[in-house]
Amino acid sequence: MSIPHQEFAPGLVIQRITPPLALTDYKLIAFDMDSTLINIECIDEIADAVGKKAEVAAITEATMRGEIKDFKESLRRRVALLKGVPVSSLQQVYDQRLKLNPGAAELVAACKKVGLKVLLVSGGFTFFANRVKERLGLDYARSNLLDEKDGQLTGQVVQQSWGDICDGAEKRRTLLEVASLMGISPAECIAVGDGANDLPMMGEAGLSVAFHAKPKVREQAMVAINEGGLDRLLEIVR
């Protein structure tokens, strides 16, 4: 028997929860980056620099919909297509194309105001994640590191202390690890995402939020924000 989804307000759908919830009941909020906190899929925009945006974007879309199951393999395939892209292109993408999604700054500020820690956990890249972390004053960030040589991308990702690729399993592990270090339970965490690789961490969190998400993600989230900005979560969690 499927659980009924309820339209709480126009473009805001809930299931398995009874609002209003208290923001102070949570201690950590974890965000995906690309298409969640920010308006673009960075990898697609980097690929544009070498005329491969359509090719890379098609793989990204299929992966986020859950049609390509192996995120690591999908990312390796896409990163390989970035070989030869000048590193300077990353700064251009950041300056010219990357914008925070509506309501991102407001939601983060509201969470920080009542003492939540904020985690950015992304299948995207440190170049962007670290800048977004700084811009929003986030507490933690984990993402993938693009290998570069002689001012160009090599088409590889760099092995980091925790592993090489932040996929759905790593997002889940990171959420649980940070919660454990904070001495809190997963029930005290909120997880926000839009793609299939966000489902493992969303499944662990006490509150899962889908933001303008793929159908599969909207179906499973407790809150689906289908219209408006990220700060619409504050209509439910106050």
# chains A, B, ... in the order shown; residues from 1 in each chain; ligands from 1

$ select_by_dssp --residues "stretch 58-221 of chain A" --states "helix (DSSP H, G or I)" --output "count of residues only"
80

$ residues_around --residues "A:Leu100" --least-positions-apart "2" --cutoff "8 Å" --atoms "only C-alpha atoms" --output "PyMOL selection string"
chain A and resi 37-39+98+102+104-105

$ closest_atom_pairs --of "stretch 45-102 of chain A" --to "stretch 163-182 of chain A" --cutoff "12 Å" --atoms "only C-alpha atoms" --output "CSV"
residue,atom,partner,partner_atom,distance
A:Thr63,CA,A:Asp167,CA,11.0
A:Met64,CA,A:Gly168,CA,10.7
A:Gly66,CA,A:Gly168,CA,11.1
A:Lys69,CA,A:Gly168,CA,10.2
A:Asp70,CA,A:Asp167,CA,8.7
A:Phe71,CA,A:Asp167,CA,5.9
A:Lys72,CA,A:Ile165,CA,6.2
A:Glu73,CA,A:Ile165,CA,9.5
A:Ser74,CA,A:Asp167,CA,10.0
A:Leu75,CA,A:Ile165,CA,8.1
A:Arg76,CA,A:Ile165,CA,8.8
A:Val79,CA,A:Ile165,CA,11.2

$ residues_around --residues "A:Lys83" --least-positions-apart "5" --cutoff "6 Å" --atoms "only C-alpha atoms" --output "number ranges by chain"
A: 153-155

$ closest_residue --among "A:Glu148, A:Asp32, A:Glu7, A:Asp95" --to "A:Ala191" --atoms "only C-alpha atoms"
A:Asp32

$ select_by_dssp --residues "chain A" --states "strand (DSSP E)" --output "PyMOL selection string"
chain A and resi 6-9+12-14+28-31+117-125+140-144+146-149+152-157+189-193+207-211+223-225

$ write_last_selection --atoms "N, CA and C atoms" --output "short mmCIF file (atom, residue, chain, number, x, y, z; two decimals), in the first residue's frame"
data_model
loop_
_atom_site.label_atom_id
_atom_site.label_comp_id
_atom_site.auth_asym_id
_atom_site.auth_seq_id
_atom_site.Cartn_x
_atom_site.Cartn_y
_atom_site.Cartn_z
N GLN A 6 0.61 14.31 0.34
CA GLN A 6 -0.35 15.37 0.62
C GLN A 6 0.24 16.70 0.16
N GLU A 7 -0.55 17.47 -0.59
CA GLU A 7 -0.07 18.80 -0.96
C GLU A 7 -0.30 19.72 0.22
N PHE A 8 0.78 20.09 0.87
CA PHE A 8 0.73 20.92 2.07
C PHE A 8 0.41 22.37 1.70
N ALA A 9 0.98 22.80 0.59
CA ALA A 9 0.77 24.14 0.02
C ALA A 9 1.10 24.01 -1.46
N LEU A 12 4.28 22.18 -2.78
CA LEU A 12 4.98 21.64 -1.60
C LEU A 12 4.24 20.39 -1.15
N VAL A 13 4.88 19.23 -1.34
CA VAL A 13 4.22 17.94 -1.10
C VAL A 13 4.90 17.23 0.07
N ILE A 14 4.09 16.64 0.96
CA ILE A 14 4.66 15.94 2.11
C ILE A 14 4.10 14.53 2.22
N LEU A 28 21.93 18.83 12.27
CA LEU A 28 22.78 18.85 11.07
C LEU A 28 21.88 18.85 9.85
N ILE A 29 22.22 19.69 8.87
CA ILE A 29 21.53 19.64 7.58
C ILE A 29 22.58 19.40 6.50
N ALA A 30 22.34 18.41 5.65
CA ALA A 30 23.27 18.05 4.59
C ALA A 30 22.64 18.39 3.24
N PHE A 31 23.40 19.08 2.42
CA PHE A 31 22.94 19.47 1.08
C PHE A 31 23.77 18.83 -0.01
N LYS A 117 24.59 22.53 12.27
CA LYS A 117 25.79 22.50 11.44
C LYS A 117 25.33 22.21 10.01
N VAL A 118 26.12 22.69 9.04
CA VAL A 118 25.72 22.54 7.64
C VAL A 118 26.81 21.81 6.86
N LEU A 119 26.40 20.73 6.22
CA LEU A 119 27.31 19.88 5.45
C LEU A 119 26.96 19.95 3.97
N LEU A 120 27.98 20.16 3.15
CA LEU A 120 27.81 20.08 1.70
C LEU A 120 28.48 18.80 1.25
N VAL A 121 27.71 17.90 0.64
CA VAL A 121 28.28 16.62 0.22
C VAL A 121 27.88 16.40 -1.23
N SER A 122 28.90 16.40 -2.11
CA SER A 122 28.62 16.53 -3.53
C SER A 122 29.37 15.53 -4.39
N GLY A 123 28.66 15.05 -5.41
CA GLY A 123 29.29 14.25 -6.46
C GLY A 123 29.99 15.16 -7.47
N GLY A 124 29.96 16.47 -7.20
CA GLY A 124 30.65 17.45 -8.03
C GLY A 124 32.08 17.65 -7.56
N PHE A 125 32.59 18.86 -7.73
CA PHE A 125 34.04 19.06 -7.59
C PHE A 125 34.41 20.09 -6.54
N TYR A 140 31.10 22.01 6.72
CA TYR A 140 31.85 20.89 6.16
C TYR A 140 31.53 20.76 4.67
N ALA A 141 32.51 20.26 3.92
CA ALA A 141 32.25 19.95 2.50
C ALA A 141 33.07 18.74 2.09
N ARG A 142 32.44 17.86 1.33
CA ARG A 142 33.16 16.73 0.73
C ARG A 142 32.72 16.61 -0.71
N SER A 143 33.70 16.50 -1.60
CA SER A 143 33.40 16.40 -3.04
C SER A 143 34.61 15.81 -3.75
N ASN A 144 34.52 15.74 -5.05
CA ASN A 144 35.56 15.09 -5.86
C ASN A 144 36.60 16.10 -6.34
N LEU A 146 39.33 17.15 -9.10
CA LEU A 146 39.76 16.95 -10.49
C LEU A 146 41.28 17.02 -10.58
N ASP A 147 41.87 16.05 -11.26
CA ASP A 147 43.31 16.04 -11.46
C ASP A 147 43.67 17.05 -12.56
N GLU A 148 44.78 17.76 -12.34
CA GLU A 148 45.23 18.71 -13.35
C GLU A 148 46.74 18.64 -13.53
N LYS A 149 47.18 18.98 -14.73
CA LYS A 149 48.61 18.99 -15.02
C LYS A 149 48.87 20.03 -16.10
N GLN A 152 45.94 22.11 -17.30
CA GLN A 152 44.81 21.45 -17.97
C GLN A 152 44.30 20.29 -17.13
N LEU A 153 43.01 19.97 -17.30
CA LEU A 153 42.46 18.78 -16.64
C LEU A 153 42.98 17.53 -17.35
N THR A 154 43.26 16.50 -16.56
CA THR A 154 43.82 15.27 -17.16
C THR A 154 42.73 14.26 -17.53
N GLY A 155 41.48 14.53 -17.09
CA GLY A 155 40.42 13.56 -17.34
C GLY A 155 40.34 12.49 -16.26
N GLN A 156 40.99 12.76 -15.11
CA GLN A 156 40.99 11.81 -13.99
C GLN A 156 40.51 12.53 -12.72
N VAL A 157 40.06 11.73 -11.73
CA VAL A 157 39.82 12.30 -10.40
C VAL A 157 40.93 11.82 -9.47
N CYS A 189 19.15 14.60 11.71
CA CYS A 189 19.72 15.16 10.48
C CYS A 189 18.63 15.42 9.44
N ILE A 190 18.86 16.45 8.63
CA ILE A 190 18.03 16.74 7.46
C ILE A 190 18.92 16.53 6.24
N ALA A 191 18.42 15.89 5.20
CA ALA A 191 19.19 15.72 3.97
C ALA A 191 18.38 16.25 2.79
N VAL A 192 19.04 17.08 1.97
CA VAL A 192 18.37 17.75 0.85
C VAL A 192 19.09 17.41 -0.45
N GLY A 193 18.33 16.94 -1.45
CA GLY A 193 18.96 16.59 -2.72
C GLY A 193 17.96 16.57 -3.86
N LEU A 207 14.78 13.67 8.35
CA LEU A 207 13.91 14.41 7.43
C LEU A 207 14.59 14.48 6.07
N SER A 208 13.90 13.99 5.03
CA SER A 208 14.46 14.01 3.67
C SER A 208 13.69 15.00 2.81
N VAL A 209 14.43 15.80 2.05
CA VAL A 209 13.84 16.88 1.27
C VAL A 209 14.30 16.79 -0.18
N ALA A 210 13.34 16.72 -1.09
CA ALA A 210 13.64 16.71 -2.53
C ALA A 210 13.41 18.12 -3.06
N PHE A 211 14.42 18.67 -3.75
CA PHE A 211 14.29 20.02 -4.28
C PHE A 211 14.28 19.99 -5.80
N VAL A 223 9.54 15.49 2.16
CA VAL A 223 9.14 16.81 1.67
C VAL A 223 9.63 16.96 0.24
N ALA A 224 8.74 17.35 -0.66
CA ALA A 224 9.16 17.65 -2.04
C ALA A 224 8.81 19.10 -2.34
N ILE A 225 9.87 19.90 -2.57
CA ILE A 225 9.68 21.29 -2.97
C ILE A 225 9.70 21.30 -4.50
#

$ residues_around --residues "A:Gly151" --least-positions-apart "3" --cutoff "9 Å" --atoms "only C-alpha atoms" --output "ChimeraX atom specification"
/A:84-88,148

$ write_last_selection --atoms "N, CA, C and O atoms" --output "PDB file, in the first residue's frame"
ATOM      1  N   GLY A  84      41.974  17.863 -21.159  1.00  0.00           N
ATOM      2  CA  GLY A  84      42.436  18.966 -21.999  1.00  0.00           C
ATOM      3  C   GLY A  84      41.729  20.291 -21.743  1.00  0.00           C
ATOM      4  O   GLY A  84      42.113  21.327 -22.292  1.00  0.00           O
ATOM      5  N   VAL A  85      40.691  20.272 -20.909  1.00  0.00           N
ATOM      6  CA  VAL A  85      40.019  21.539 -20.575  1.00  0.00           C
ATOM      7  C   VAL A  85      40.976  22.392 -19.739  1.00  0.00           C
ATOM      8  O   VAL A  85      41.568  21.902 -18.776  1.00  0.00           O
ATOM      9  N   PRO A  86      41.164  23.662 -20.120  1.00  0.00           N
ATOM     10  CA  PRO A  86      42.032  24.523 -19.309  1.00  0.00           C
ATOM     11  C   PRO A  86      41.436  24.705 -17.907  1.00  0.00           C
ATOM     12  O   PRO A  86      40.222  24.877 -17.764  1.00  0.00           O
ATOM     13  N   VAL A  87      42.296  24.665 -16.898  1.00  0.00           N
ATOM     14  CA  VAL A  87      41.835  24.847 -15.519  1.00  0.00           C
ATOM     15  C   VAL A  87      41.140  26.208 -15.359  1.00  0.00           C
ATOM     16  O   VAL A  87      40.208  26.354 -14.565  1.00  0.00           O
ATOM     17  N   SER A  88      41.556  27.184 -16.149  1.00  0.00           N
ATOM     18  CA  SER A  88      40.949  28.525 -16.093  1.00  0.00           C
ATOM     19  C   SER A  88      39.452  28.488 -16.426  1.00  0.00           C
ATOM     20  O   SER A  88      38.685  29.360 -16.012  1.00  0.00           O
ATOM     21  N   GLU A 148      44.777  17.755 -12.341  1.00  0.00           N
ATOM     22  CA  GLU A 148      45.226  18.705 -13.353  1.00  0.00           C
ATOM     23  C   GLU A 148      46.737  18.636 -13.528  1.00  0.00           C
ATOM     24  O   GLU A 148      47.471  18.260 -12.608  1.00  0.00           O
TER      25      GLU A 148
END

$ atom_distance --atom1 "atom CA of A:Ser89" --atom2 "atom CA of A:Glu45"
9.2 Å

$ atom_distance --atom1 "atom CA of A:Met222" --atom2 "atom CA of A:Arg16"
6.1 Å

$ residues_around --residues "A:Arg78" --least-positions-apart "4" --cutoff "9 Å" --atoms "only C-alpha atoms" --output "PyMOL selection string"
chain A and resi 43-44+47+55-57+59-60+73-74+82+155

$ write_last_selection --atoms "C-alpha atoms" --output "mmCIF file, in the first residue's frame"
data_model
loop_
_atom_site.group_PDB
_atom_site.id
_atom_site.type_symbol
_atom_site.label_atom_id
_atom_site.label_comp_id
_atom_site.auth_asym_id
_atom_site.auth_seq_id
_atom_site.Cartn_x
_atom_site.Cartn_y
_atom_site.Cartn_z
ATOM 1 C CA ILE A 43 30.430 19.107 -14.979
ATOM 2 C CA ASP A 44 28.065 19.893 -17.867
ATOM 3 C CA ALA A 47 32.306 20.237 -20.761
ATOM 4 C CA GLU A 55 27.346 14.443 -24.549
ATOM 5 C CA VAL A 56 28.186 14.931 -20.857
ATOM 6 C CA ALA A 57 24.766 16.365 -19.937
ATOM 7 C CA ILE A 59 25.042 11.027 -19.067
ATOM 8 C CA THR A 60 24.423 13.354 -16.090
ATOM 9 C CA GLU A 73 31.476 4.710 -13.525
ATOM 10 C CA SER A 74 29.244 7.500 -14.833
ATOM 11 C CA LEU A 82 37.038 16.810 -19.812
ATOM 12 C CA GLY A 155 40.417 13.557 -17.338
#

$ residues_around --residues "A:Leu234" --least-positions-apart "4" --cutoff "10 Å" --atoms "only C-alpha atoms" --output "ChimeraX atom specification"
/A:20-23,103,106-107,110-111,230,238

$ closest_residue --among "A:Arg131, A:Ile184, A:Thr126, A:Pro19" --to "A:Leu145" --atoms "only C-alpha atoms"
A:Thr126

$ atom_distance --atom1 "atom CA of A:Lys112" --atom2 "atom CA of A:Glu188"
14.6 Å

$ residues_around --residues "A:Lys216" --least-positions-apart "6" --cutoff "9 Å" --atoms "only C-alpha atoms" --output "list of chain:residue names"
A:Arg65, A:Gly66, A:Gly195, A:Ala196

$ write_last_selection --atoms "all heavy atoms" --output "compact mmCIF listing (two decimals), in the first residue's frame"
# COMPACT_ATOMS: atom_id res chain seq x y z
N ARG A 65 18.51 10.53 -12.92
CA ARG A 65 17.21 9.86 -12.97
C ARG A 65 17.28 8.44 -12.41
O ARG A 65 16.27 7.80 -12.19
CB ARG A 65 16.71 9.80 -14.42
CG ARG A 65 16.17 11.12 -14.92
CD ARG A 65 15.57 10.98 -16.32
NE ARG A 65 14.89 12.19 -16.70
CZ ARG A 65 13.66 12.53 -16.33
NH1 ARG A 65 12.95 11.73 -15.57
NH2 ARG A 65 13.12 13.66 -16.71
N GLY A 66 18.51 7.94 -12.27
CA GLY A 66 18.68 6.59 -11.76
C GLY A 66 18.72 5.55 -12.85
O GLY A 66 18.69 4.35 -12.58
N GLY A 195 18.86 14.26 -6.95
CA GLY A 195 19.15 13.16 -7.86
C GLY A 195 19.21 11.81 -7.17
O GLY A 195 19.23 11.72 -5.93
N ALA A 196 19.26 10.74 -7.97
CA ALA A 196 19.26 9.37 -7.44
C ALA A 196 20.41 9.13 -6.46
O ALA A 196 20.27 8.36 -5.51
CB ALA A 196 19.32 8.38 -8.59
